[in-house]
Each structure stands twice: as C-alpha cells, then as structure tokens.
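What follows is model-v7.json (JSON, C-alpha atoms).
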```json
[["chain", "number", "residue", "atom", "x", "y", "z"],
["J", 434, "MET", "CA", 89.05, 82.95, 126.81],
["J", 435, "ASN", "CA", 85.65, 83.65, 125.32],
["J", 436, "THR", "CA", 85.33, 87.39, 124.66],
["J", 437, "ASP", "CA", 81.50, 87.50, 124.62],
["J", 438, "LEU", "CA", 80.24, 89.66, 127.47],
["J", 439, "THR", "CA", 78.32, 87.95, 130.27],
["J", 440, "LEU", "CA", 76.15, 89.66, 132.87],
["J", 441, "VAL", "CA", 76.27, 87.92, 136.26],
["J", 442, "ILE", "CA", 73.34, 88.86, 138.50],
["J", 443, "MET", "CA", 73.48, 88.05, 142.20],
["J", 444, "ALA", "CA", 69.87, 87.22, 142.97],
["J", 445, "ALA", "CA", 69.99, 84.83, 145.92],
["J", 446, "GLY", "CA", 69.73, 87.41, 148.72],
["J", 447, "LEU", "CA", 67.10, 87.13, 151.43],
["J", 448, "GLY", "CA", 66.12, 90.83, 151.56],
["J", 449, "SER", "CA", 66.11, 90.83, 155.35],
["J", 450, "ARG", "CA", 65.59, 94.61, 155.76],
["J", 451, "PHE", "CA", 63.06, 94.67, 152.92],
["J", 452, "GLY", "CA", 61.13, 91.74, 154.35],
["J", 453, "GLY", "CA", 60.99, 89.58, 151.21],
["J", 454, "ASP", "CA", 62.44, 88.78, 147.81],
["J", 455, "LYS", "CA", 63.29, 92.19, 146.34],
["J", 456, "GLN", "CA", 64.53, 90.52, 143.15],
["J", 457, "LEU", "CA", 60.92, 89.58, 142.24],
["J", 458, "VAL", "CA", 59.16, 92.86, 143.03],
["J", 459, "SER", "CA", 57.45, 94.60, 140.08],
["J", 460, "LEU", "CA", 58.97, 98.08, 139.86],
["J", 461, "GLY", "CA", 59.34, 98.97, 136.17],
["J", 462, "PRO", "CA", 56.74, 100.69, 133.94],
["J", 463, "ALA", "CA", 55.50, 97.35, 132.59],
["J", 464, "GLY", "CA", 55.80, 95.50, 135.89],
["J", 465, "GLU", "CA", 59.42, 94.45, 135.36],
["J", 466, "PRO", "CA", 61.59, 93.56, 138.35],
["J", 467, "MET", "CA", 64.92, 95.37, 138.55],
["J", 468, "LEU", "CA", 66.93, 92.45, 137.18],
["J", 469, "VAL", "CA", 64.89, 92.44, 133.96],
["J", 470, "LEU", "CA", 65.57, 96.16, 133.50],
["J", 471, "SER", "CA", 69.28, 95.47, 133.98],
["J", 472, "ILE", "CA", 69.32, 92.65, 131.45],
["J", 473, "GLN", "CA", 67.50, 94.85, 128.94],
["J", 474, "SER", "CA", 70.11, 97.58, 129.47],
["J", 475, "ALA", "CA", 72.91, 95.03, 129.09],
["J", 476, "ILE", "CA", 71.43, 93.71, 125.84],
["J", 477, "ARG", "CA", 71.38, 97.25, 124.45],
["J", 478, "SER", "CA", 75.10, 97.52, 125.27],
["J", 479, "GLY", "CA", 76.05, 94.25, 123.57],
["J", 480, "PHE", "CA", 76.02, 91.66, 126.34],
["J", 481, "LYS", "CA", 75.31, 88.21, 124.93],
["J", 482, "ARG", "CA", 74.24, 86.19, 127.95],
["J", 483, "ALA", "CA", 73.29, 86.36, 131.61],
["J", 484, "VAL", "CA", 74.02, 84.10, 134.58],
["J", 485, "LEU", "CA", 71.68, 84.44, 137.55],
["J", 486, "VAL", "CA", 72.90, 83.25, 140.95],
["J", 487, "ILE", "CA", 69.73, 82.30, 142.82],
["J", 488, "ARG", "CA", 68.12, 80.17, 145.50],
["J", 489, "PRO", "CA", 66.42, 77.08, 144.01],
["J", 490, "GLU", "CA", 62.94, 78.17, 145.11],
["J", 491, "LEU", "CA", 63.17, 81.31, 142.95],
["J", 492, "GLU", "CA", 63.90, 79.55, 139.67],
["J", 493, "ALA", "CA", 60.36, 78.86, 138.44],
["J", 494, "GLU", "CA", 59.10, 82.41, 138.97],
["J", 495, "LEU", "CA", 62.26, 83.97, 137.54],
["J", 496, "HIS", "CA", 62.07, 81.72, 134.49],
["J", 497, "GLU", "CA", 58.51, 82.91, 133.82],
["J", 498, "LEU", "CA", 59.57, 86.55, 134.17],
["J", 499, "LEU", "CA", 62.51, 86.17, 131.79],
["J", 500, "ILE", "CA", 60.38, 84.43, 129.17],
["J", 501, "ARG", "CA", 57.82, 87.23, 129.46],
["J", 502, "PHE", "CA", 60.19, 90.18, 129.18],
["J", 503, "LEU", "CA", 63.35, 89.12, 127.31],
["J", 504, "PRO", "CA", 64.00, 88.46, 123.62],
["J", 505, "ALA", "CA", 63.65, 84.79, 122.78],
["J", 506, "HIS", "CA", 67.22, 84.60, 121.45],
["J", 507, "PHE", "CA", 68.88, 85.89, 124.63],
["J", 508, "GLU", "CA", 70.83, 83.21, 126.50],
["J", 509, "TYR", "CA", 70.56, 82.92, 130.27],
["J", 510, "HIS", "CA", 71.50, 80.34, 132.88],
["J", 511, "PHE", "CA", 70.68, 79.76, 136.55],
["J", 512, "CYS", "CA", 73.14, 78.58, 139.19],
["J", 513, "TYR", "CA", 72.46, 78.12, 142.87],
["J", 514, "GLN", "CA", 74.19, 79.79, 145.80],
["J", 515, "SER", "CA", 74.60, 76.78, 148.04],
["J", 516, "LEU", "CA", 76.11, 76.96, 151.53],
["J", 517, "THR", "CA", 78.19, 73.86, 150.79],
["J", 518, "ASP", "CA", 79.66, 75.16, 147.49],
["J", 519, "LEU", "CA", 83.03, 76.14, 148.94],
["J", 520, "PRO", "CA", 86.65, 75.73, 147.79],
["J", 521, "ASN", "CA", 87.97, 72.23, 148.35],
["J", 522, "ASP", "CA", 90.61, 73.50, 150.77],
["J", 523, "THR", "CA", 88.09, 74.90, 153.26],
["J", 524, "GLN", "CA", 87.74, 73.06, 156.55],
["J", 525, "LEU", "CA", 84.06, 73.25, 157.42],
["J", 526, "ALA", "CA", 82.21, 69.99, 157.92],
["J", 527, "ASP", "CA", 78.89, 71.40, 159.13],
["J", 528, "VAL", "CA", 76.88, 74.43, 157.94],
["J", 529, "SER", "CA", 73.74, 73.84, 160.02],
["J", 530, "HIS", "CA", 74.54, 76.92, 162.15],
["J", 531, "ARG", "CA", 74.21, 79.28, 159.17],
["J", 532, "LEU", "CA", 71.24, 81.68, 159.10],
["J", 533, "LYS", "CA", 72.03, 83.29, 155.70],
["J", 534, "PRO", "CA", 74.25, 82.77, 152.62],
["J", 535, "TRP", "CA", 77.99, 83.47, 152.75],
["J", 536, "GLY", "CA", 77.78, 86.89, 151.05],
["J", 537, "THR", "CA", 78.41, 88.51, 147.68],
["J", 538, "ALA", "CA", 81.91, 87.10, 147.13],
["J", 539, "HIS", "CA", 80.52, 83.60, 147.59],
["J", 540, "ALA", "CA", 77.59, 84.38, 145.28],
["J", 541, "LEU", "CA", 80.01, 85.17, 142.46],
["J", 542, "TRP", "CA", 82.09, 82.10, 143.33],
["J", 543, "CYS", "CA", 79.01, 79.96, 142.69],
["J", 544, "ALA", "CA", 78.93, 81.24, 139.07],
["J", 545, "ARG", "CA", 82.53, 80.20, 138.29],
["J", 546, "ASP", "CA", 81.59, 77.20, 136.13],
["J", 547, "SER", "CA", 79.18, 79.29, 134.04],
["J", 548, "VAL", "CA", 81.53, 82.12, 133.02],
["J", 549, "ASN", "CA", 84.74, 81.84, 130.98],
["J", 550, "GLY", "CA", 85.17, 85.39, 129.69],
["J", 551, "PRO", "CA", 84.77, 89.04, 130.68],
["J", 552, "MET", "CA", 81.80, 89.64, 132.95],
["J", 553, "ALA", "CA", 79.81, 92.43, 134.56],
["J", 554, "VAL", "CA", 78.59, 91.66, 138.08],
["J", 555, "ILE", "CA", 75.58, 93.40, 139.62],
["J", 556, "ASN", "CA", 72.91, 93.07, 142.27],
["J", 557, "ALA", "CA", 69.49, 91.81, 141.18],
["J", 558, "ASP", "CA", 67.55, 94.49, 143.01],
["J", 559, "ASP", "CA", 69.34, 97.67, 141.85],
["J", 560, "PHE", "CA", 68.79, 99.94, 138.85],
["J", 561, "TYR", "CA", 72.01, 101.19, 137.25],
["J", 562, "GLY", "CA", 70.89, 102.84, 133.99],
["J", 563, "ASP", "CA", 71.92, 102.22, 130.39],
["J", 564, "SER", "CA", 75.09, 104.30, 130.67],
["J", 565, "ALA", "CA", 76.52, 102.04, 133.39],
["J", 566, "PHE", "CA", 76.25, 99.00, 131.12],
["J", 567, "ALA", "CA", 77.65, 100.98, 128.19],
["J", 568, "SER", "CA", 80.68, 101.84, 130.37],
["J", 569, "LEU", "CA", 81.10, 98.23, 131.42],
["J", 570, "ALA", "CA", 80.81, 96.95, 127.86],
["J", 571, "LYS", "CA", 83.33, 99.49, 126.58],
["J", 572, "GLY", "CA", 85.83, 98.79, 129.36],
["J", 573, "LEU", "CA", 85.53, 95.00, 129.26],
["J", 574, "THR", "CA", 85.90, 94.96, 125.47],
["J", 575, "ALA", "CA", 88.96, 97.23, 125.52],
["J", 576, "ARG", "CA", 90.58, 95.51, 128.55],
["J", 577, "PRO", "CA", 89.16, 91.98, 128.81],
["J", 578, "ASN", "CA", 91.90, 90.86, 131.23],
["J", 579, "ASP", "CA", 91.47, 93.74, 133.68],
["J", 580, "TRP", "CA", 88.92, 94.65, 136.34],
["J", 581, "MET", "CA", 86.74, 97.76, 136.52],
["J", 582, "MET", "CA", 83.83, 99.31, 138.33],
["J", 583, "VAL", "CA", 81.16, 101.97, 137.86],
["J", 584, "ALA", "CA", 81.11, 104.09, 141.01],
["J", 585, "TYR", "CA", 78.28, 106.31, 142.27],
["J", 586, "PRO", "CA", 78.36, 109.53, 144.33],
["J", 587, "ILE", "CA", 77.25, 108.56, 147.82],
["J", 588, "GLU", "CA", 74.50, 111.17, 148.06],
["J", 589, "LEU", "CA", 72.66, 109.48, 145.18],
["J", 590, "THR", "CA", 72.52, 106.10, 146.92],
["J", 591, "LEU", "CA", 70.95, 106.63, 150.35],
["J", 592, "SER", "CA", 67.50, 105.79, 151.70],
["J", 593, "GLU", "CA", 65.27, 108.14, 153.68],
["J", 594, "HIS", "CA", 64.02, 105.15, 155.66],
["J", 595, "GLY", "CA", 67.18, 103.85, 157.32],
["J", 596, "GLY", "CA", 70.87, 103.04, 156.99],
["J", 597, "VAL", "CA", 72.41, 101.32, 153.96],
["J", 598, "ASN", "CA", 75.58, 99.30, 153.32],
["J", 599, "ARG", "CA", 78.05, 100.56, 150.70],
["J", 600, "GLY", "CA", 81.60, 99.90, 149.53],
["J", 601, "LEU", "CA", 83.48, 103.19, 150.11],
["J", 602, "CYS", "CA", 86.00, 103.84, 147.32],
["J", 603, "GLN", "CA", 89.30, 105.71, 147.17],
["J", 604, "VAL", "CA", 90.00, 106.60, 143.54],
["J", 605, "GLU", "CA", 93.24, 108.08, 142.18],
["J", 606, "GLN", "CA", 93.93, 108.87, 138.51],
["J", 607, "GLY", "CA", 91.01, 106.79, 137.33],
["J", 608, "GLN", "CA", 91.92, 103.65, 139.26],
["J", 609, "LEU", "CA", 90.54, 102.18, 142.46],
["J", 610, "ARG", "CA", 93.10, 102.27, 145.26],
["J", 611, "SER", "CA", 90.93, 100.89, 148.04],
["J", 612, "VAL", "CA", 87.40, 99.78, 148.73],
["J", 613, "ALA", "CA", 86.00, 99.01, 152.18],
["J", 614, "GLU", "CA", 82.55, 97.88, 153.21],
["J", 615, "TRP", "CA", 80.74, 100.45, 155.36],
["J", 616, "LEU", "CA", 77.51, 99.54, 157.12],
["J", 617, "ASN", "CA", 74.43, 101.52, 158.17],
["J", 618, "ILE", "CA", 75.40, 104.71, 156.29],
["J", 619, "GLN", "CA", 73.00, 107.60, 156.89],
["J", 620, "ALA", "CA", 72.86, 111.31, 156.05],
["J", 621, "GLN", "CA", 73.25, 113.81, 158.87],
["J", 622, "ASP", "CA", 72.96, 117.59, 158.96],
["J", 623, "HIS", "CA", 76.58, 118.10, 157.97],
["J", 624, "GLY", "CA", 77.45, 115.02, 155.95],
["J", 625, "PHE", "CA", 77.29, 111.26, 156.34],
["J", 626, "ILE", "CA", 78.07, 108.74, 159.05],
["J", 627, "GLY", "CA", 78.48, 104.98, 158.99],
["J", 628, "GLU", "CA", 80.16, 101.95, 160.53],
["J", 629, "GLY", "CA", 83.52, 101.47, 158.82],
["J", 630, "PRO", "CA", 86.46, 99.12, 159.48],
["J", 631, "GLU", "CA", 87.40, 101.19, 162.55],
["J", 632, "GLY", "CA", 83.86, 101.60, 163.86],
["J", 633, "LEU", "CA", 81.40, 104.51, 163.68],
["J", 634, "ALA", "CA", 82.89, 107.44, 161.73],
["J", 635, "PRO", "CA", 81.98, 110.34, 159.40],
["J", 636, "LEU", "CA", 82.34, 109.98, 155.62],
["J", 637, "PRO", "CA", 83.55, 112.70, 153.22],
["J", 638, "SER", "CA", 80.69, 114.42, 151.39],
["J", 639, "GLN", "CA", 82.27, 113.76, 147.96],
["J", 640, "SER", "CA", 82.66, 110.03, 148.56],
["J", 641, "LEU", "CA", 82.24, 107.54, 145.73],
["J", 642, "VAL", "CA", 80.73, 104.18, 146.58],
["J", 643, "SER", "CA", 80.42, 100.80, 144.99],
["J", 644, "MET", "CA", 76.86, 99.76, 144.22],
["J", 645, "THR", "CA", 78.06, 96.34, 143.07],
["J", 646, "CYS", "CA", 78.51, 97.37, 139.45],
["J", 647, "TRP", "CA", 81.75, 95.58, 138.63],
["J", 648, "GLY", "CA", 83.58, 94.32, 135.57],
["J", 649, "PHE", "CA", 85.91, 91.34, 135.94],
["J", 650, "SER", "CA", 87.99, 88.87, 134.02],
["J", 651, "PRO", "CA", 87.82, 85.21, 135.12],
["J", 652, "SER", "CA", 90.94, 85.86, 137.23],
["J", 653, "ILE", "CA", 88.55, 87.11, 139.92],
["J", 654, "PHE", "CA", 87.72, 83.50, 140.80],
["J", 655, "ASP", "CA", 91.31, 82.75, 141.88],
["J", 656, "VAL", "CA", 91.24, 85.70, 144.26],
["J", 657, "ILE", "CA", 87.79, 84.74, 145.59],
["J", 658, "LYS", "CA", 89.04, 81.22, 146.27],
["J", 659, "ARG", "CA", 91.91, 82.46, 148.43],
["J", 660, "GLU", "CA", 89.73, 84.95, 150.27],
["J", 661, "LEU", "CA", 86.94, 82.43, 150.91],
["J", 662, "ILE", "CA", 89.37, 79.90, 152.35],
["J", 663, "GLU", "CA", 90.72, 82.52, 154.77],
["J", 664, "PHE", "CA", 87.22, 83.80, 155.55],
["J", 665, "ILE", "CA", 85.85, 80.35, 156.38],
["J", 666, "GLU", "CA", 88.88, 79.64, 158.56],
["J", 667, "GLN", "CA", 88.37, 82.86, 160.55],
["J", 668, "GLN", "CA", 84.59, 83.39, 160.52],
["J", 669, "GLY", "CA", 83.04, 80.16, 159.25],
["J", 670, "GLN", "CA", 81.51, 79.25, 162.60],
["J", 671, "LEU", "CA", 79.54, 82.50, 162.90],
["J", 672, "PRO", "CA", 75.84, 82.30, 161.93],
["J", 673, "LYS", "CA", 75.63, 85.57, 159.95],
["J", 674, "SER", "CA", 79.18, 86.43, 158.84],
["J", 675, "GLU", "CA", 79.55, 87.38, 155.16],
["J", 676, "CYS", "CA", 82.46, 87.53, 152.73],
["J", 677, "TYR", "CA", 81.90, 90.74, 150.78],
["J", 678, "LEU", "CA", 82.97, 91.25, 147.17],
["J", 679, "PRO", "CA", 84.71, 94.59, 147.99],
["J", 680, "ALA", "CA", 87.06, 92.68, 150.30],
["J", 681, "VAL", "CA", 88.00, 90.41, 147.40],
["J", 682, "VAL", "CA", 88.57, 93.41, 145.11],
["J", 683, "GLN", "CA", 90.77, 94.98, 147.79],
["J", 684, "ALA", "CA", 92.81, 91.78, 147.97],
["J", 685, "GLY", "CA", 93.22, 91.91, 144.19],
["J", 686, "ILE", "CA", 94.38, 95.55, 144.34],
["J", 687, "GLU", "CA", 96.96, 94.62, 146.97],
["J", 688, "GLN", "CA", 98.19, 91.87, 144.64],
["J", 689, "GLY", "CA", 98.69, 94.41, 141.85],
["J", 690, "VAL", "CA", 95.48, 94.01, 139.85],
["J", 691, "PRO", "CA", 94.46, 97.32, 138.21],
["J", 692, "VAL", "CA", 90.80, 98.26, 138.74],
["J", 693, "PHE", "CA", 89.66, 101.04, 136.41],
["J", 694, "VAL", "CA", 86.86, 103.34, 137.57],
["J", 695, "ASP", "CA", 84.10, 105.09, 135.64],
["J", 696, "VAL", "CA", 81.76, 107.42, 137.52],
["J", 697, "ALA", "CA", 78.06, 106.90, 136.83],
["J", 698, "SER", "CA", 76.26, 109.53, 134.79],
["J", 699, "GLU", "CA", 72.76, 108.31, 135.64],
["J", 700, "PRO", "CA", 71.12, 107.86, 139.03],
["J", 701, "TRP", "CA", 71.21, 104.58, 140.90],
["J", 702, "LEU", "CA", 67.89, 103.36, 142.27],
["J", 703, "GLY", "CA", 67.22, 100.61, 144.76],
["J", 704, "VAL", "CA", 64.85, 99.41, 147.43],
["J", 705, "THR", "CA", 66.39, 98.70, 150.80],
["J", 706, "TYR", "CA", 63.17, 99.14, 152.78],
["J", 707, "PRO", "CA", 59.52, 98.52, 151.76],
["J", 708, "GLN", "CA", 58.86, 102.26, 152.01],
["J", 709, "ASP", "CA", 61.34, 102.86, 149.15],
["J", 710, "THR", "CA", 59.14, 101.14, 146.55],
["J", 711, "VAL", "CA", 56.66, 103.95, 145.85],
["J", 712, "TRP", "CA", 59.36, 106.53, 145.12],
["J", 713, "VAL", "CA", 61.42, 104.06, 143.03],
["J", 714, "LYS", "CA", 58.40, 103.09, 140.91],
["J", 715, "GLN", "CA", 57.66, 106.75, 140.25],
["J", 716, "LYS", "CA", 61.27, 107.51, 139.35],
["J", 717, "LEU", "CA", 61.53, 104.50, 137.02],
["J", 718, "MET", "CA", 58.35, 105.59, 135.27],
["J", 719, "GLU", "CA", 59.91, 109.01, 134.65],
["J", 720, "LEU", "CA", 63.22, 107.54, 133.44],
["J", 721, "LEU", "CA", 61.88, 104.75, 131.25],
["J", 722, "SER", "CA", 58.51, 105.89, 129.95],
["J", 723, "ASP", "CA", 60.01, 107.00, 126.63],
["J", 724, "LYS", "CA", 62.10, 103.86, 126.11],
["J", 725, "THR", "CA", 61.03, 101.00, 123.87],
["J", 726, "HIS", "CA", 62.13, 97.58, 124.97]]
```

Let's see the structure in the file written out as structure tokens.
Amino acid sequence: MNTDLTLVIMAAGLGSRFGGDKQLVSLGPAGEPMLVLSIQSAIRSGFKRAVLVIRPELEAELHELLIRFLPAHFEYHFCYQSLTDLPNDTQLADVSHRLKPWGTAHALWCARDSVNGPMAVINADDFYGDSAFASLAKGLTARPNDWMMVAYPIELTLSEHGGVNRGLCQVEQGQLRSVAEWLNIQAQDHGFIGEGPEGLAPLPSQSLVSMTCWGFSPSIFDVIKRELIEFIEQQGQLPKSECYLPAVVQAGIEQGVPVFVDVASEPWLGVTYPQDTVWVKQKLMELLSDKTH
C-alpha cells in the first residue's frame, strides 16, 4: 500500500437547496472556492495528491481554478460520479428513472481506482480549517490501516436559513460507536430537532456530528461495495434515494473496524442556502486574512 496521503474531494453534488454548483462559488479572500481552501490546508499538512469526484461538465472550470490557485507541483486527478458505475453484482439494468446521483458512499466508490493508500475524504463545499487536516494527517500516518473522523459540535454546523443534514455521532473513549444520518436538523428554543432513523425527534445539545471529514484506508471500498449492492437491491428503483457514507461507516463499525475520533478545534463553515454566502465570506476573510498561501 502506498503511504502517501491522498485527499478525496466529493464535488459532484447538484446543490439542490443552494440552487447551483456550490463547489465553484468564490468564497475565500482571493476568490477561492471552498475546495481550493481545503486542498491548500491539506498541502500544509503533508498531503501529496488530491482526487476530485466530479460531474464531467465541471472539469474544465475546476481545472482552471486549480491551475490558478495551487502549486504547480501538486498532483490532482478527476474521476466522474457516473450513475452506471456500480459493483458488478448489482442488478440494475436501467437508470433512466434517476433524478440525482447515488449519494456520498457512491461518490467515494467512484474514486476507488485512483486511491491505493490512506485517504482523507471531504465535501467540496465545506471549510474545515487547517487543524482538521493536521489531525487527519497525523492519524492516517500513525494508523494507515484504520479509519478515523474529525467530528464537530452540532451547534457550530447549523444554518439560520433552514434545516441541514448531518451524521449524528455516538463517541465512547475516543472511538466512534455509531453514526446515523439525520435530516433537516434545526435549532429550537431548548435544543435541536431533526428527522432521524425513527422519525422526527430531539437531539442532545452536546451532540457531535460528522461533516464528512473522514480518514480511511482502502479497506473502505470493500465495505462500500457490499453496502451499495444491498442499497441498489432495496432502493435502486427510487428516483432520489441515496446511499450515505455514514451508513457505510456504521456497517464497518458493526464488522469490527475501529474508527478513531478527533474533535475539531476550529469552526466548520459551509453554504447550504444562498443566504449563507455573505456570512461565510465575511468569516473566511476574518480567519484567513493573515495566512499566506
């Protein structure tokens, strides 16, 4: 196994609530999109290459952005999230009913031929901060065969403009015991509420959530394969069903895979709704104005 650290960026999303391609929006002090800021952070922490999972129509513009903002020596590759790129054992002859990609687990699956060593996996449209990548680099270097995540306190990850989706984490003695996708999480007067596996329910105020800031060994692809086969069998005919990465991580935990957890020491920033952009730009200017890239 190659021990060089790879950053996998899931950048094929449609940004349905945002109303466009969030992964291309200029948000940083010099007009950088979020994914450029993440790659710059990763480079500072010792990552050697990046793999961007994209839709084909994004490649030209992303290529121009990466040439503009990244060091010439940094290695990056594009791979496409295609609806037909599924495990050979799946039984799905027709995908014409699909209205969106198969979800984050499938996005990472599409990068399997481009990664053969320890990897960090993030969203293209989130800001994680240098310390998150330093944690990932340290953990992946010390434990290249294990999995890990950087978790964020839930109150630091919400939007004033509507509900958000998060992976709710149960952490014990520094390891992840469970992670479940919760939808439409919002703050209320006395805490938080969202749609969990059992329906609408309150969330504990001290909850930690996954913001898709993971560290994996290549063993993740074996677990994704099994989960995708089962997902397609059960939900493959639905037009908008998605196979979420937290569900794959949960399957790994149940199979005995240790998932180590670091808690973020810097704020997470992201744009779920168009109204989020003004505040995020201002916050990024405050956080990054004294950094040299």

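For the pair atom CA of Leu468 of chain J and atom CA of Ala557 of chain J, the interatomic distance is 4.8 Å.
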
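Computed from the coordinates, the atom CA of Val441 of chain J to atom CA of Val484 of chain J distance equals 4.7 Å.
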
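For the residues J:Pro707, J:Pro679, J:Pro534, J:Gly629, ranking by smallest atom-to-atom distance to Leu609 of chain J using only C-alpha atoms places J:Pro679 first.
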
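Interatomic distance, atom CA of Pro651 of chain J against atom CA of Gly550 of chain J: 6.0 Å.
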
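Closest approach to Tyr513 of chain J among J:Ala567, J:Leu591, J:Gly446, J:Pro577 is made by J:Gly446 (distances from all atoms listed in the file).
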
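Closest to Pro691 of chain J among J:Asp579, J:Asp558, J:Glu494, J:Asp522 is J:Asp579, based on only C-alpha atoms.
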
Restrict the calculation to all atoms listed in the file, then for each residue of segment 577-689 of chain J with any atom at most 10 Å from an atom of segment 709-725 of chain J give the closest atom pair and their distance in Å to one decimal, rows by chain and rising residue number, as JSON lines.
```
{"residue": "J:Ser592", "atom": "CA", "partner": "J:Asp709", "partner_atom": "CA", "distance": 7.3}
{"residue": "J:Glu593", "atom": "CA", "partner": "J:Asp709", "partner_atom": "CA", "distance": 8.0}
{"residue": "J:His594", "atom": "CA", "partner": "J:Asp709", "partner_atom": "CA", "distance": 7.4}
```

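Residue nearest Pro466 of chain J within the list J:Asp559, J:Glu588, J:Asp527, J:Glu490: J:Asp559 [criterion: smallest interatomic distance, all atoms listed in the file].
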
How would you write as a short mmCIF file (atom, residue, chain, number, x, y, z; two decimals) with C-alpha atoms, in the coordinates of the input the residues that get within 12 Å of (78.8, 99.3, 130.4) in the file's frame, counting all atoms listed in the file?
```cif
data_model
loop_
_atom_site.label_atom_id
_atom_site.label_comp_id
_atom_site.auth_asym_id
_atom_site.auth_seq_id
_atom_site.Cartn_x
_atom_site.Cartn_y
_atom_site.Cartn_z
CA LEU J 438 80.24 89.66 127.47
CA THR J 439 78.32 87.95 130.27
CA LEU J 440 76.15 89.66 132.87
CA SER J 471 69.28 95.47 133.98
CA ILE J 472 69.32 92.65 131.45
CA SER J 474 70.11 97.58 129.47
CA ALA J 475 72.91 95.03 129.09
CA ILE J 476 71.43 93.71 125.84
CA ARG J 477 71.38 97.25 124.45
CA SER J 478 75.10 97.52 125.27
CA GLY J 479 76.05 94.25 123.57
CA PHE J 480 76.02 91.66 126.34
CA PRO J 551 84.77 89.04 130.68
CA MET J 552 81.80 89.64 132.95
CA ALA J 553 79.81 92.43 134.56
CA VAL J 554 78.59 91.66 138.08
CA ILE J 555 75.58 93.40 139.62
CA TYR J 561 72.01 101.19 137.25
CA GLY J 562 70.89 102.84 133.99
CA ASP J 563 71.92 102.22 130.39
CA SER J 564 75.09 104.30 130.67
CA ALA J 565 76.52 102.04 133.39
CA PHE J 566 76.25 99.00 131.12
CA ALA J 567 77.65 100.98 128.19
CA SER J 568 80.68 101.84 130.37
CA LEU J 569 81.10 98.23 131.42
CA ALA J 570 80.81 96.95 127.86
CA LYS J 571 83.33 99.49 126.58
CA GLY J 572 85.83 98.79 129.36
CA LEU J 573 85.53 95.00 129.26
CA THR J 574 85.90 94.96 125.47
CA ALA J 575 88.96 97.23 125.52
CA MET J 581 86.74 97.76 136.52
CA MET J 582 83.83 99.31 138.33
CA VAL J 583 81.16 101.97 137.86
CA ALA J 584 81.11 104.09 141.01
CA CYS J 646 78.51 97.37 139.45
CA TRP J 647 81.75 95.58 138.63
CA GLY J 648 83.58 94.32 135.57
CA VAL J 694 86.86 103.34 137.57
CA ASP J 695 84.10 105.09 135.64
CA VAL J 696 81.76 107.42 137.52
CA ALA J 697 78.06 106.90 136.83
CA SER J 698 76.26 109.53 134.79
#
```

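When all atoms listed in the file are used to compute distances to Gln639 of chain J, the closest of the residues J:Leu532, J:Leu503, J:Val612, J:Leu601 turns out to be J:Leu601.
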
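The residue set within 12 Å of Leu491 of chain J, counting only C-alpha atoms and dropping same-chain residues fewer than 2 places from it, reads Ala444, Ala445, Gly446, Leu447, Gly453, Asp454, Lys455, Gln456, Leu457, Leu485, Val486, Ile487, Arg488, Pro489, Ala493, Glu494, Leu495, His496, Glu497, Leu498, Phe511, Cys512, Tyr513 and Gln514 of chain J.
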
Could the residues in this selection be written to a file with C-alpha atoms, as a PDB file, in the coordinates of the input?
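And here is the file that came out, again-v5.pdb:
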```pdb
ATOM      1  CA  ALA J 444      69.870  87.220 142.970  1.00  0.00           C
ATOM      2  CA  ALA J 445      69.990  84.830 145.920  1.00  0.00           C
ATOM      3  CA  GLY J 446      69.730  87.410 148.720  1.00  0.00           C
ATOM      4  CA  LEU J 447      67.100  87.130 151.430  1.00  0.00           C
ATOM      5  CA  GLY J 453      60.990  89.580 151.210  1.00  0.00           C
ATOM      6  CA  ASP J 454      62.440  88.780 147.810  1.00  0.00           C
ATOM      7  CA  LYS J 455      63.290  92.190 146.340  1.00  0.00           C
ATOM      8  CA  GLN J 456      64.530  90.520 143.150  1.00  0.00           C
ATOM      9  CA  LEU J 457      60.920  89.580 142.240  1.00  0.00           C
ATOM     10  CA  LEU J 485      71.680  84.440 137.550  1.00  0.00           C
ATOM     11  CA  VAL J 486      72.900  83.250 140.950  1.00  0.00           C
ATOM     12  CA  ILE J 487      69.730  82.300 142.820  1.00  0.00           C
ATOM     13  CA  ARG J 488      68.120  80.170 145.500  1.00  0.00           C
ATOM     14  CA  PRO J 489      66.420  77.080 144.010  1.00  0.00           C
ATOM     15  CA  ALA J 493      60.360  78.860 138.440  1.00  0.00           C
ATOM     16  CA  GLU J 494      59.100  82.410 138.970  1.00  0.00           C
ATOM     17  CA  LEU J 495      62.260  83.970 137.540  1.00  0.00           C
ATOM     18  CA  HIS J 496      62.070  81.720 134.490  1.00  0.00           C
ATOM     19  CA  GLU J 497      58.510  82.910 133.820  1.00  0.00           C
ATOM     20  CA  LEU J 498      59.570  86.550 134.170  1.00  0.00           C
ATOM     21  CA  PHE J 511      70.680  79.760 136.550  1.00  0.00           C
ATOM     22  CA  CYS J 512      73.140  78.580 139.190  1.00  0.00           C
ATOM     23  CA  TYR J 513      72.460  78.120 142.870  1.00  0.00           C
ATOM     24  CA  GLN J 514      74.190  79.790 145.800  1.00  0.00           C
TER      25      GLN J 514
END
```

Residues within 12 Å of (91.2, 83.2, 147.7), counting all atoms listed in the file, listed as a ChimeraX atom specification: /J:519-523,538-539,542,652-666,676,678,680-685,688

Return the single residue from J:Glu675, J:Gly607, J:Leu499, J:Pro700 that is closest to Ile587 of chain J, with distances computed using all atoms listed in the file. J:Pro700

All residues 10 Å or closer to Leu589 of chain J, all atoms listed in the file, same chain fewer than 5 positions away omitted, as a ChimeraX atom specification: /J:641-642,699-702
